[in-house]
Every structure is written in C-alpha cells, then in structure tokens.
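Everything on this sheet refers to the single structure shown next.
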Amino acid sequence: MFRLSAQTTRQAVQRIAVQARYQSTQASAPLKAKNTAMVAAGVATAGAIAYLTMETVDANMLADGLHAPVLPWDHKKPLATFDHAAVRRGYQVYKEVCAACHSLDRIAWRNLVGVSHTENEVKAMAEENEYTDGPNDVGDMFQRPGKLSDYMPRPYANEEQARAGNAGALPPDLSLMIKARHGGADYVYSLLTGYQDPPAGIEIREGLNFNPYFPGGAIGMARVLYDGLVEYEDGTPATTSQMAKDVTVFLSWAAEPEMDDRKKMGMKAVTMLAILTGLSVYLKRHKWASMKTRKILYNPPTPKKH
Amino acid sequence: MPVKSSNNTTANRFARAGYNTIVKRNSVFLTTIFVSAFAMEMAFDSISDRIWDNINKGRQWKDIAHKYE
C-alpha cells in the first residue's frame with residue numbers, strides 16, 4: 001500500500017519536473033515570469049533528483065527489522081574518547097549477564113588493563129577462571145588458573161552445545177557485534193531495550209520473543225535486562241536503559257579498542273597537515289610574487305604618418 | 001647582487017646573523033635541523049596531548065584510575 005503510493009508520488013514528481021523544465025525554455029514568456037519559471041524549474045528539478053536518488057522507503061519493517069533511531073553517543077564525536085567509566089560498567093553487565101550465553105573471543109584479559117581495570121584487578125579476575133594448558137613433561141593437558149594473556153572464557157564448549165542451550169538459536173560472539181550489524185551501537189541498544197508484546201495478528205512461536213528491531217521480529221534471545229539487575233560499584237542507578245547503554249559502549253570498545261588512539265592521531269595529523277598546507281601556500285606565493293607582479297607590456301610600433 | 005640600500009635594515013641584519021651562525025658550517029646546519037626537529041616534535045606532542053586531555057577530561061582511564069588503586 002505504501003509502496004504503491006510512493007510510486008505514484010514519484011511519477012507525479014517526474015511529470016512536474018519535466019513540465020517545469022519545458023516551461024523554462026519558452027522564450028516568449030515575459031522576463032519576470034520567465035525568471036519565476038526558471039527558479040521553479042530549478043527547485044522542482046533539484047527536488048526531483050533528490051527524491052529519485054533517495055533510498056526507496058520499504059514499508060515491510062517486520063521482515064527487515066525496525067530501523068534503530070540514531071542516538072547521540074558521545075564517543076562518536078570526532079574528538080571524543082570512550083567514557084571509560086561506562087566501559088567499566090559495561091564490562092560488569094557483560095560479565096554478569098551476557099557472558100552466560102555470549103562469548104567474547106577477541107578480547108584477552110590483558111586488553112582490559114589500563115582501559116577499564118587496573119592490572120591487579122584483571123589478574124584477580126583472570127585467576128578466577130580455569131584454563132586448559134599443556135602438554136606437560138609427560139604429555140598430559142592440565143588445568144591452571146587464568147593469566148593476563150588468556151582470552152575471555154567461552155560459555156559453551158562448541159556451537160552444538162550453545163544451540164542446545166538456547167532452543168536451537170546460536171548466541172553470536174559479541175567481539176565485533178557493533179561492527180557486524182547495520183546500525184551498530186544504535187541497533188544493539190535498541191535491540192536490548194526494544195522487547196515488547198507482539199502486536200495483534202502476529203504469532204510468535206514458543207521459545208521465541210518479539211522484538212521489532214530484530215529482522216523478522218522473532219528473536220531467540222529473551223529480554224535479559226531489567227531495572228536493578230546488576231549493582232554498579234560507582235552508584236550509578238542500574239536501569240534497563242543505563243545497562244543497555246553501558247554494555248553497548250563496552251561492546252563498541254571491544255569492536256574498536258584502538259579508537260581513542262586513532263582519533264588522537266587523527267587530530268595530530270590534521271593539525272600538522274593544516275600547518276604544512278599553510279606553509280606551502282606561503283611558499284608558492286613567495287616564489288610566484290616576482291612573476292605575478294611583473295608587468296609585461298607590448299608597444300606595437302605606431303604606423304608612420306605620411 | 002645585493003642592493004646597497006637594503007643592506008642595513010633590521011630584517012637583513014637578522015638574516016645575515018642567522019646565516020652566519022647556522023647555515024655557514026654544514027655540521028652546525030645539520031645539528032640544528034636534527035635538534036629542532038626533535039624539539040618541535042616534543043613540543044607539538046605535549047601541546048596536543050594537553051589539548052586532547054582537556055577535551056576528554058574525566059573520560060579517560062587515567063582520570064578515573066585513582067578510584068581503583
């Protein structure tokens with residue numbers, strides 16, 4: 001229905017644009033009217049081009065997933081680092097909630113040092129986990145407490161176990177989740193806070209949950225965040241949206257741990273290039289000054305008068 | 001071919017002093033280039049770090065680390 005009306009509108013715009021262009025070429029119109037027609041034609045053409053190059057609006061939001069609203073993440077500003085207090089809170093949410101189902105394979109304990117935790121804290125956290133190491137002198141594998149160089153432990157030994165524990169749905173690894181989904185941080189935040197009852201007429205199979213942001217609307221992950229689920233050590237009230245925001249910031253960091261340094265480098269590089277551009281403009285003008293101020297004059301011989 | 005009238009301007013005297021102390025001996029010239037490159041780099045880095053830390057006051061780990069040590 002919406003598709004149909006979009007098409008009719010587009011055809012109408014095309015027609016108007018053609019008419020307007022035609023009108024503007026009529027030479028017989030008086031000057032003032034002609035100018036008005038030109039302006040109108042310009043506006044109509046520009047509008048039509050803008051409209052025609054726009055992505056077509058798709059009304060089938062359920063199949064494609066509701067488009068997540070763009071949120072004002074302050075770590076997305078060109079000169080802003082991550083808010084490391086939020087990264088720390090987000091790690092806590094990941095650890096206490098998401099880690100029960102989702103792995104975080106690309107993050108090692110050492111990556112947290114100097115980002116969200118001190119070295120001693122991370123060592124203690126790593127030691128709480130057992131890792132299989134070896135082989136030892138006699139060829140046996142053995143268990144040892146974790147150390148800084150170990151990667152985050154996985155909740156399930158393999159994919160089959162993960163699926164079996166989640167009614168057939170596989171909880172994906174979250175390391176690069178922010179980069180892996182259209183909408184990135186906005187999507188993950190909206191997904192975590194977007195659970196609701198299915199609207200009338202939509203059947204959700206047993207074991208699935210309705211979430212309009214998830215393509216298809218039926219997601220294997222149930223709502224996991226509820227007000228007060230975790231207790232933040234810095235006293236921040238742990239509302240659903242706060243936890244969703246913090247864990248999204250944490251996952252943004254996990255997907256792009258180099259962001260802080262990259263932006264700082266960028267700032268330095270742009271400053272340096274600006275200075276060098278200024279210098280080269282000056283040098284060019286300096287070198288060309290003698291040329292540009294030179295007056296070249298040709299006096300044609302005056303024909304002799306007889 | 002220097003012009004007589006411009007020989008004694010302040011700018012000219014500076015330029016000559018600069019030439020005589022820095023450019024005349026190649027060893028001095030090269031040393032000056034290297035030393036000033038290092039000095040500029042250090043100055044540029046520390047100024048931009050200071051600006052960066054000021055923009056991001058309270059957001060970086062070093063701003064909150066004291067709470068956990």
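Here's how to read the names in the structure tokens: chain A, B, ... by the order shown, residue numbers from 1 in each chain, ligand numbers from 1 in the order shown.
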Can you work out which residues from chain B touch chain A at a cut-off of 12 Å (counting only C-alpha atoms) and hand them back as a PDB file with N, CA and C atoms, in the first residue's frame?
```
ATOM      1  N   MET B  40      60.727  20.354  18.125  1.00  0.00           N
ATOM      2  CA  MET B  40      59.393  20.641  17.604  1.00  0.00           C
ATOM      3  C   MET B  40      58.448  19.480  17.862  1.00  0.00           C
ATOM      4  N   GLU B  41      58.949  18.263  17.606  1.00  0.00           N
ATOM      5  CA  GLU B  41      58.126  17.070  17.801  1.00  0.00           C
ATOM      6  C   GLU B  41      57.654  16.974  19.251  1.00  0.00           C
ATOM      7  N   PHE B  44      55.178  19.800  19.983  1.00  0.00           N
ATOM      8  CA  PHE B  44      53.894  19.546  19.310  1.00  0.00           C
ATOM      9  C   PHE B  44      53.114  18.453  20.039  1.00  0.00           C
ATOM     10  N   ASP B  45      53.834  17.356  20.376  1.00  0.00           N
ATOM     11  CA  ASP B  45      53.147  16.249  21.042  1.00  0.00           C
ATOM     12  C   ASP B  45      52.620  16.646  22.410  1.00  0.00           C
ATOM     13  N   SER B  46      53.452  17.361  23.169  1.00  0.00           N
ATOM     14  CA  SER B  46      52.973  17.641  24.519  1.00  0.00           C
ATOM     15  C   SER B  46      51.837  18.661  24.500  1.00  0.00           C
ATOM     16  N   ILE B  47      51.882  19.593  23.545  1.00  0.00           N
ATOM     17  CA  ILE B  47      50.766  20.544  23.462  1.00  0.00           C
ATOM     18  C   ILE B  47      49.501  19.828  23.012  1.00  0.00           C
ATOM     19  N   SER B  48      49.615  18.975  21.984  1.00  0.00           N
ATOM     20  CA  SER B  48      48.367  18.327  21.539  1.00  0.00           C
ATOM     21  C   SER B  48      47.850  17.331  22.574  1.00  0.00           C
ATOM     22  N   ASP B  49      48.761  16.669  23.300  1.00  0.00           N
ATOM     23  CA  ASP B  49      48.291  15.792  24.385  1.00  0.00           C
ATOM     24  C   ASP B  49      47.527  16.584  25.433  1.00  0.00           C
ATOM     25  N   ARG B  50      48.052  17.765  25.756  1.00  0.00           N
ATOM     26  CA  ARG B  50      47.400  18.587  26.766  1.00  0.00           C
ATOM     27  C   ARG B  50      46.002  18.998  26.289  1.00  0.00           C
ATOM     28  N   ILE B  51      45.908  19.402  25.013  1.00  0.00           N
ATOM     29  CA  ILE B  51      44.598  19.783  24.462  1.00  0.00           C
ATOM     30  C   ILE B  51      43.649  18.587  24.469  1.00  0.00           C
ATOM     31  N   TRP B  52      44.169  17.434  24.046  1.00  0.00           N
ATOM     32  CA  TRP B  52      43.359  16.212  23.990  1.00  0.00           C
ATOM     33  C   TRP B  52      42.812  15.850  25.375  1.00  0.00           C
ATOM     34  N   ASP B  53      43.708  15.858  26.363  1.00  0.00           N
ATOM     35  CA  ASP B  53      43.273  15.502  27.717  1.00  0.00           C
ATOM     36  C   ASP B  53      42.264  16.500  28.257  1.00  0.00           C
ATOM     37  N   ASN B  54      42.376  17.729  27.790  1.00  0.00           N
ATOM     38  CA  ASN B  54      41.431  18.749  28.241  1.00  0.00           C
ATOM     39  C   ASN B  54      40.055  18.536  27.614  1.00  0.00           C
ATOM     40  N   ILE B  55      40.048  18.206  26.316  1.00  0.00           N
ATOM     41  CA  ILE B  55      38.770  17.921  25.649  1.00  0.00           C
ATOM     42  C   ILE B  55      38.080  16.741  26.315  1.00  0.00           C
ATOM     43  N   ASN B  56      38.879  15.731  26.687  1.00  0.00           N
ATOM     44  CA  ASN B  56      38.301  14.484  27.201  1.00  0.00           C
ATOM     45  C   ASN B  56      38.436  14.357  28.719  1.00  0.00           C
ATOM     46  N   LYS B  57      38.372  15.479  29.387  1.00  0.00           N
ATOM     47  CA  LYS B  57      38.538  15.472  30.838  1.00  0.00           C
ATOM     48  C   LYS B  57      37.488  14.576  31.492  1.00  0.00           C
ATOM     49  N   GLY B  58      37.963  13.655  32.364  1.00  0.00           N
ATOM     50  CA  GLY B  58      37.033  12.801  33.101  1.00  0.00           C
ATOM     51  C   GLY B  58      36.590  11.558  32.351  1.00  0.00           C
ATOM     52  N   ARG B  59      36.987  11.430  31.080  1.00  0.00           N
ATOM     53  CA  ARG B  59      36.507  10.290  30.305  1.00  0.00           C
ATOM     54  C   ARG B  59      37.554   9.187  30.214  1.00  0.00           C
ATOM     55  N   GLN B  60      38.831   9.536  30.270  1.00  0.00           N
ATOM     56  CA  GLN B  60      39.871   8.551  30.029  1.00  0.00           C
ATOM     57  C   GLN B  60      40.184   7.771  31.301  1.00  0.00           C
ATOM     58  N   TRP B  61      40.849   6.622  31.096  1.00  0.00           N
ATOM     59  CA  TRP B  61      41.153   5.749  32.226  1.00  0.00           C
ATOM     60  C   TRP B  61      42.002   6.474  33.258  1.00  0.00           C
ATOM     61  N   LYS B  62      42.966   7.279  32.805  1.00  0.00           N
ATOM     62  CA  LYS B  62      43.852   7.924  33.779  1.00  0.00           C
ATOM     63  C   LYS B  62      43.092   8.898  34.672  1.00  0.00           C
ATOM     64  N   ASP B  63      41.902   9.340  34.198  1.00  0.00           N
ATOM     65  CA  ASP B  63      41.112  10.251  35.029  1.00  0.00           C
ATOM     66  C   ASP B  63      40.339   9.517  36.128  1.00  0.00           C
ATOM     67  N   ILE B  64      40.076   8.224  35.898  1.00  0.00           N
ATOM     68  CA  ILE B  64      39.295   7.502  36.903  1.00  0.00           C
ATOM     69  C   ILE B  64      40.116   6.429  37.613  1.00  0.00           C
ATOM     70  N   ALA B  65      41.353   6.199  37.145  1.00  0.00           N
ATOM     71  CA  ALA B  65      42.154   5.104  37.694  1.00  0.00           C
ATOM     72  C   ALA B  65      42.352   5.229  39.203  1.00  0.00           C
ATOM     73  N   HIS B  66      42.471   6.466  39.695  1.00  0.00           N
ATOM     74  CA  HIS B  66      42.776   6.648  41.122  1.00  0.00           C
ATOM     75  C   HIS B  66      41.704   6.047  42.021  1.00  0.00           C
ATOM     76  N   LYS B  67      40.491   5.859  41.469  1.00  0.00           N
ATOM     77  CA  LYS B  67      39.411   5.295  42.291  1.00  0.00           C
ATOM     78  C   LYS B  67      39.627   3.815  42.570  1.00  0.00           C
ATOM     79  N   TYR B  68      40.448   3.169  41.749  1.00  0.00           N
ATOM     80  CA  TYR B  68      40.536   1.714  41.857  1.00  0.00           C
ATOM     81  C   TYR B  68      41.916   1.242  42.281  1.00  0.00           C
ATOM     82  N   GLU B  69      42.797   2.175  42.659  1.00  0.00           N
ATOM     83  CA  GLU B  69      44.148   1.733  43.024  1.00  0.00           C
ATOM     84  C   GLU B  69      44.382   1.718  44.513  1.00  0.00           C
TER      85      GLU B  69
END
```
(request) Assign secondary structure with DSSP using the backbone only, and return the residues of region 140-290 of chain A in strand (DSSP E or B) as a ChimeraX atom specification. (result) /A:142-145,151,209-210,218-219
(request) Show which residues sit within 10 Å of Arg106 (chain A), as a list in words. Count only C-alpha atoms, and ignore same-chain residues fewer than 4 positions away. (result) Asn111, Tyr151, Met152, Asp173, Leu174, Ser175, Leu176, Ala254 and Ala255 of chain A
(request) Considering only C-alpha atoms, return as a VMD selection string whatever protein or nucleic-acid residues lie within 12 Å of Ala108 (chain A), sequence-local ones (same chain, fewer than 3 positions apart) excluded. (result) chain A and resid 103 to 105 111 to 113 122 to 123 125 to 126 146 to 154 175 254 257
(request) Quick one: pull the distance between CA of Pro215 (chain A) and CA of Asp227 (chain A), Å, one decimal. (result)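 Rounded to one decimal, the two atoms are 25.6 Å apart.
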(message) Run DSSP on the backbone and tell me which residues of region 63-294 of chain A come out as helix (DSSP H, G or I); list them as a VMD selection string.
(response) chain A and resid 63 to 64 74 to 76 84 to 96 98 to 100 109 to 112 119 to 127 159 to 164 177 to 180 184 to 193 240 to 255 259 to 292
(request) Go ahead and compute the interatomic distance for CA of Ile178 (chain A) and CA of Gly65 (chain A), in Å to one decimal. (result) 16.3 Å
